[in-house]
Amino acid sequence: MSKAYFVVRATVADAAKRKAFDKWYETEHLPDASKSFGVTRAWRFWSLTEPSLHQATYEFSDEASLDRAMKGDDLKRLVADFNRDWPDVTRTRETFVLAEEFAA
């Protein structure tokens, strides 16, 4: 079974809000989402080419685990929390399945 991923890209257009957003994501949202989803691991990134772009990636052991998380109440709660705390931050959500892994 292939690993599966949930990717959330957020655009924090107001540069003055990025530090607070980063702290909230680090201390509240990422730990809550990771525990709620039961992920294997998670990462966060800030884009070097577009400073307003933040990405969070959650790794699931397989597609079935990802599917359960995407249909569960925890996702609805996490989205509502995000909307409450960051109403001006737009985001997209995508899901992926691992096609190939290569290590040199």
# chains A, B, ... in the order shown; residues from 1 in each chain; ligands from 1
call {"tool": "residues_around", "arguments": {"residues": "Ser52 (chain A)", "least_positions_apart": "4", "cutoff": "6 Å", "atoms": "only C-alpha atoms", "output": "ChimeraX atom specification"}}
result
/A:11-13
call {"tool": "residues_around", "arguments": {"residues": "Ser36 (chain A)", "least_positions_apart": "4", "cutoff": "9 Å", "atoms": "only C-alpha atoms", "output": "count of residues only"}}
result
5
call {"tool": "closest_residue", "arguments": {"among": "A:Phe60, A:Ala10, A:Leu53, A:Tyr25", "to": "Val39 (chain A)", "atoms": "only C-alpha atoms"}}
result
A:Phe60
call {"tool": "select_by_dssp", "arguments": {"residues": "chain A", "states": "strand (DSSP E)", "output": "VMD selection string"}}
result
chain A and resid 4 to 11 41 to 46 53 to 60 90 to 97
call {"tool": "atom_distance", "arguments": {"atom1": "CA of Leu98 (chain A)", "atom2": "CA of Leu78 (chain A)"}}
result
24.4 Å
call {"tool": "residues_around", "arguments": {"residues": "Arg91 (chain A)", "least_positions_apart": "2", "cutoff": "12 Å", "atoms": "only C-alpha atoms", "output": "list of chain:residue names"}}
result
A:Val7, A:Val8, A:Arg9, A:Ala10, A:Thr11, A:Val12, A:Ala13, A:Ser52, A:Leu53, A:His54, A:Gln55, A:Ala56, A:Val79, A:Phe82, A:Asn83, A:Trp86, A:Pro87, A:Asp88, A:Val89, A:Arg93, A:Glu94
call {"tool": "closest_residue", "arguments": {"among": "A:Glu63, A:Arg77, A:Pro51, A:Val97", "to": "Asp14 (chain A)", "atoms": "only C-alpha atoms"}}
result
A:Pro51
call {"tool": "closest_residue", "arguments": {"among": "A:Arg84, A:Ala16, A:Trp24, A:Thr95", "to": "Ser65 (chain A)", "atoms": "only C-alpha atoms"}}
result
A:Thr95
call {"tool": "select_by_dssp", "arguments": {"residues": "chain A", "states": "helix (DSSP H, G or I)", "output": "number ranges by chain"}}
result
A: 15-37, 63-71, 73-85
call {"tool": "closest_residue", "arguments": {"among": "A:Thr57, A:Trp46, A:Lys35, A:Gly72", "to": "Phe21 (chain A)", "atoms": "only C-alpha atoms"}}
result
A:Trp46
call {"tool": "atom_distance", "arguments": {"atom1": "CA of Ser61 (chain A)", "atom2": "CA of Thr40 (chain A)"}}
result
6.4 Å
call {"tool": "closest_residue", "arguments": {"among": "A:Lys76, A:His29, A:Lys23, A:Lys3", "to": "Glu101 (chain A)", "atoms": "only C-alpha atoms"}}
result
A:Lys3
call {"tool": "atom_distance", "arguments": {"atom1": "CA of Glu28 (chain A)", "atom2": "CA of Thr90 (chain A)"}}
result
18.5 Å
call {"tool": "closest_residue", "arguments": {"among": "A:Tyr58, A:Glu26, A:Ala33, A:Ala64", "to": "Asp81 (chain A)", "atoms": "only C-alpha atoms"}}
result
A:Ala33
call {"tool": "decode", "arguments": {"residues": "region 19-51 of chain A", "atoms": "N, CA, C and O atoms", "output": "PDB file, in the first residue's frame"}}
result
ATOM      1  N   LYS A  19       4.145  36.182  11.187  1.00  0.00           N
ATOM      2  CA  LYS A  19       4.798  35.678  12.397  1.00  0.00           C
ATOM      3  C   LYS A  19       3.767  35.052  13.338  1.00  0.00           C
ATOM      4  O   LYS A  19       3.982  33.968  13.879  1.00  0.00           O
ATOM      5  N   ALA A  20       2.634  35.717  13.524  1.00  0.00           N
ATOM      6  CA  ALA A  20       1.575  35.190  14.395  1.00  0.00           C
ATOM      7  C   ALA A  20       0.978  33.915  13.800  1.00  0.00           C
ATOM      8  O   ALA A  20       0.696  32.952  14.526  1.00  0.00           O
ATOM      9  N   PHE A  21       0.778  33.891  12.491  1.00  0.00           N
ATOM     10  CA  PHE A  21       0.266  32.704  11.814  1.00  0.00           C
ATOM     11  C   PHE A  21       1.232  31.541  11.999  1.00  0.00           C
ATOM     12  O   PHE A  21       0.817  30.419  12.318  1.00  0.00           O
ATOM     13  N   ASP A  22       2.515  31.806  11.822  1.00  0.00           N
ATOM     14  CA  ASP A  22       3.543  30.773  11.967  1.00  0.00           C
ATOM     15  C   ASP A  22       3.523  30.187  13.380  1.00  0.00           C
ATOM     16  O   ASP A  22       3.569  28.972  13.553  1.00  0.00           O
ATOM     17  N   LYS A  23       3.431  31.038  14.378  1.00  0.00           N
ATOM     18  CA  LYS A  23       3.407  30.591  15.770  1.00  0.00           C
ATOM     19  C   LYS A  23       2.152  29.768  16.050  1.00  0.00           C
ATOM     20  O   LYS A  23       2.213  28.710  16.690  1.00  0.00           O
ATOM     21  N   TRP A  24       0.989  30.230  15.576  1.00  0.00           N
ATOM     22  CA  TRP A  24      -0.273  29.511  15.766  1.00  0.00           C
ATOM     23  C   TRP A  24      -0.201  28.131  15.120  1.00  0.00           C
ATOM     24  O   TRP A  24      -0.591  27.132  15.720  1.00  0.00           O
ATOM     25  N   TYR A  25       0.322  28.082  13.906  1.00  0.00           N
ATOM     26  CA  TYR A  25       0.407  26.804  13.197  1.00  0.00           C
ATOM     27  C   TYR A  25       1.352  25.851  13.929  1.00  0.00           C
ATOM     28  O   TYR A  25       1.065  24.664  14.086  1.00  0.00           O
ATOM     29  N   GLU A  26       2.475  26.386  14.400  1.00  0.00           N
ATOM     30  CA  GLU A  26       3.480  25.565  15.079  1.00  0.00           C
ATOM     31  C   GLU A  26       2.976  25.022  16.415  1.00  0.00           C
ATOM     32  O   GLU A  26       3.162  23.837  16.707  1.00  0.00           O
ATOM     33  N   THR A  27       2.356  25.880  17.205  1.00  0.00           N
ATOM     34  CA  THR A  27       2.013  25.488  18.574  1.00  0.00           C
ATOM     35  C   THR A  27       0.608  24.927  18.734  1.00  0.00           C
ATOM     36  O   THR A  27       0.353  24.189  19.684  1.00  0.00           O
ATOM     37  N   GLU A  28      -0.300  25.281  17.830  1.00  0.00           N
ATOM     38  CA  GLU A  28      -1.684  24.839  17.959  1.00  0.00           C
ATOM     39  C   GLU A  28      -2.150  23.921  16.829  1.00  0.00           C
ATOM     40  O   GLU A  28      -2.533  22.784  17.059  1.00  0.00           O
ATOM     41  N   HIS A  29      -2.122  24.455  15.620  1.00  0.00           N
ATOM     42  CA  HIS A  29      -2.807  23.776  14.524  1.00  0.00           C
ATOM     43  C   HIS A  29      -2.120  22.495  14.064  1.00  0.00           C
ATOM     44  O   HIS A  29      -2.777  21.453  13.934  1.00  0.00           O
ATOM     45  N   LEU A  30      -0.819  22.548  13.813  1.00  0.00           N
ATOM     46  CA  LEU A  30      -0.129  21.344  13.330  1.00  0.00           C
ATOM     47  C   LEU A  30      -0.185  20.214  14.359  1.00  0.00           C
ATOM     48  O   LEU A  30      -0.514  19.081  13.998  1.00  0.00           O
ATOM     49  N   PRO A  31       0.094  20.480  15.643  1.00  0.00           N
ATOM     50  CA  PRO A  31      -0.024  19.387  16.621  1.00  0.00           C
ATOM     51  C   PRO A  31      -1.448  18.832  16.725  1.00  0.00           C
ATOM     52  O   PRO A  31      -1.642  17.612  16.810  1.00  0.00           O
ATOM     53  N   ASP A  32      -2.448  19.720  16.699  1.00  0.00           N
ATOM     54  CA  ASP A  32      -3.839  19.283  16.786  1.00  0.00           C
ATOM     55  C   ASP A  32      -4.222  18.452  15.566  1.00  0.00           C
ATOM     56  O   ASP A  32      -4.795  17.364  15.685  1.00  0.00           O
ATOM     57  N   ALA A  33      -3.897  18.946  14.380  1.00  0.00           N
ATOM     58  CA  ALA A  33      -4.242  18.226  13.146  1.00  0.00           C
ATOM     59  C   ALA A  33      -3.526  16.882  13.085  1.00  0.00           C
ATOM     60  O   ALA A  33      -4.131  15.859  12.740  1.00  0.00           O
ATOM     61  N   SER A  34      -2.256  16.865  13.423  1.00  0.00           N
ATOM     62  CA  SER A  34      -1.484  15.620  13.371  1.00  0.00           C
ATOM     63  C   SER A  34      -2.062  14.560  14.295  1.00  0.00           C
ATOM     64  O   SER A  34      -2.212  13.394  13.910  1.00  0.00           O
ATOM     65  N   LYS A  35      -2.393  14.967  15.503  1.00  0.00           N
ATOM     66  CA  LYS A  35      -2.975  14.024  16.467  1.00  0.00           C
ATOM     67  C   LYS A  35      -4.377  13.595  16.028  1.00  0.00           C
ATOM     68  O   LYS A  35      -4.714  12.408  16.068  1.00  0.00           O
ATOM     69  N   SER A  36      -5.185  14.552  15.620  1.00  0.00           N
ATOM     70  CA  SER A  36      -6.566  14.252  15.221  1.00  0.00           C
ATOM     71  C   SER A  36      -6.627  13.321  14.020  1.00  0.00           C
ATOM     72  O   SER A  36      -7.461  12.421  13.963  1.00  0.00           O
ATOM     73  N   PHE A  37      -5.748  13.540  13.043  1.00  0.00           N
ATOM     74  CA  PHE A  37      -5.728  12.712  11.841  1.00  0.00           C
ATOM     75  C   PHE A  37      -5.015  11.378  12.055  1.00  0.00           C
ATOM     76  O   PHE A  37      -5.183  10.453  11.278  1.00  0.00           O
ATOM     77  N   GLY A  38      -4.164  11.308  13.072  1.00  0.00           N
ATOM     78  CA  GLY A  38      -3.383  10.091  13.284  1.00  0.00           C
ATOM     79  C   GLY A  38      -2.335   9.889  12.210  1.00  0.00           C
ATOM     80  O   GLY A  38      -2.101   8.765  11.764  1.00  0.00           O
ATOM     81  N   VAL A  39      -1.685  10.975  11.806  1.00  0.00           N
ATOM     82  CA  VAL A  39      -0.714  10.901  10.717  1.00  0.00           C
ATOM     83  C   VAL A  39       0.590  10.252  11.155  1.00  0.00           C
ATOM     84  O   VAL A  39       0.920  10.209  12.349  1.00  0.00           O
ATOM     85  N   THR A  40       1.341   9.767  10.174  1.00  0.00           N
ATOM     86  CA  THR A  40       2.659   9.205  10.404  1.00  0.00           C
ATOM     87  C   THR A  40       3.650  10.310  10.752  1.00  0.00           C
ATOM     88  O   THR A  40       4.464  10.188  11.652  1.00  0.00           O
ATOM     89  N   ARG A  41       3.571  11.407   9.977  1.00  0.00           N
ATOM     90  CA  ARG A  41       4.379  12.592  10.228  1.00  0.00           C
ATOM     91  C   ARG A  41       3.806  13.766   9.453  1.00  0.00           C
ATOM     92  O   ARG A  41       2.934  13.589   8.598  1.00  0.00           O
ATOM     93  N   ALA A  42       4.322  14.959   9.762  1.00  0.00           N
ATOM     94  CA  ALA A  42       3.834  16.169   9.108  1.00  0.00           C
ATOM     95  C   ALA A  42       4.982  17.159   8.959  1.00  0.00           C
ATOM     96  O   ALA A  42       5.943  17.129   9.732  1.00  0.00           O
ATOM     97  N   TRP A  43       4.862  18.021   7.952  1.00  0.00           N
ATOM     98  CA  TRP A  43       5.856  19.051   7.683  1.00  0.00           C
ATOM     99  C   TRP A  43       5.145  20.371   7.421  1.00  0.00           C
ATOM    100  O   TRP A  43       4.006  20.398   6.974  1.00  0.00           O
ATOM    101  N   ARG A  44       5.895  21.455   7.648  1.00  0.00           N
ATOM    102  CA  ARG A  44       5.428  22.794   7.262  1.00  0.00           C
ATOM    103  C   ARG A  44       6.540  23.481   6.491  1.00  0.00           C
ATOM    104  O   ARG A  44       7.713  23.295   6.779  1.00  0.00           O
ATOM    105  N   PHE A  45       6.142  24.292   5.529  1.00  0.00           N
ATOM    106  CA  PHE A  45       7.094  25.015   4.697  1.00  0.00           C
ATOM    107  C   PHE A  45       6.635  26.452   4.488  1.00  0.00           C
ATOM    108  O   PHE A  45       5.433  26.718   4.427  1.00  0.00           O
ATOM    109  N   TRP A  46       7.581  27.345   4.353  1.00  0.00           N
ATOM    110  CA  TRP A  46       7.335  28.679   3.817  1.00  0.00           C
ATOM    111  C   TRP A  46       8.073  28.729   2.481  1.00  0.00           C
ATOM    112  O   TRP A  46       9.228  28.304   2.379  1.00  0.00           O
ATOM    113  N   SER A  47       7.432  29.249   1.481  1.00  0.00           N
ATOM    114  CA  SER A  47       8.020  29.340   0.152  1.00  0.00           C
ATOM    115  C   SER A  47       9.167  30.355   0.132  1.00  0.00           C
ATOM    116  O   SER A  47       9.045  31.449   0.703  1.00  0.00           O
ATOM    117  N   LEU A  48      10.235  29.989  -0.528  1.00  0.00           N
ATOM    118  CA  LEU A  48      11.347  30.914  -0.722  1.00  0.00           C
ATOM    119  C   LEU A  48      11.090  31.851  -1.904  1.00  0.00           C
ATOM    120  O   LEU A  48      11.633  32.949  -1.960  1.00  0.00           O
ATOM    121  N   THR A  49      10.254  31.416  -2.849  1.00  0.00           N
ATOM    122  CA  THR A  49       9.983  32.241  -4.028  1.00  0.00           C
ATOM    123  C   THR A  49       8.762  33.136  -3.845  1.00  0.00           C
ATOM    124  O   THR A  49       8.668  34.169  -4.500  1.00  0.00           O
ATOM    125  N   GLU A  50       7.829  32.745  -2.988  1.00  0.00           N
ATOM    126  CA  GLU A  50       6.628  33.544  -2.718  1.00  0.00           C
ATOM    127  C   GLU A  50       6.440  33.574  -1.200  1.00  0.00           C
ATOM    128  O   GLU A  50       5.826  32.676  -0.630  1.00  0.00           O
ATOM    129  N   PRO A  51       6.974  34.589  -0.520  1.00  0.00           N
ATOM    130  CA  PRO A  51       6.995  34.619   0.945  1.00  0.00           C
ATOM    131  C   PRO A  51       5.631  34.508   1.628  1.00  0.00           C
ATOM    132  O   PRO A  51       5.556  34.143   2.795  1.00  0.00           O
TER     133      PRO A  51
END
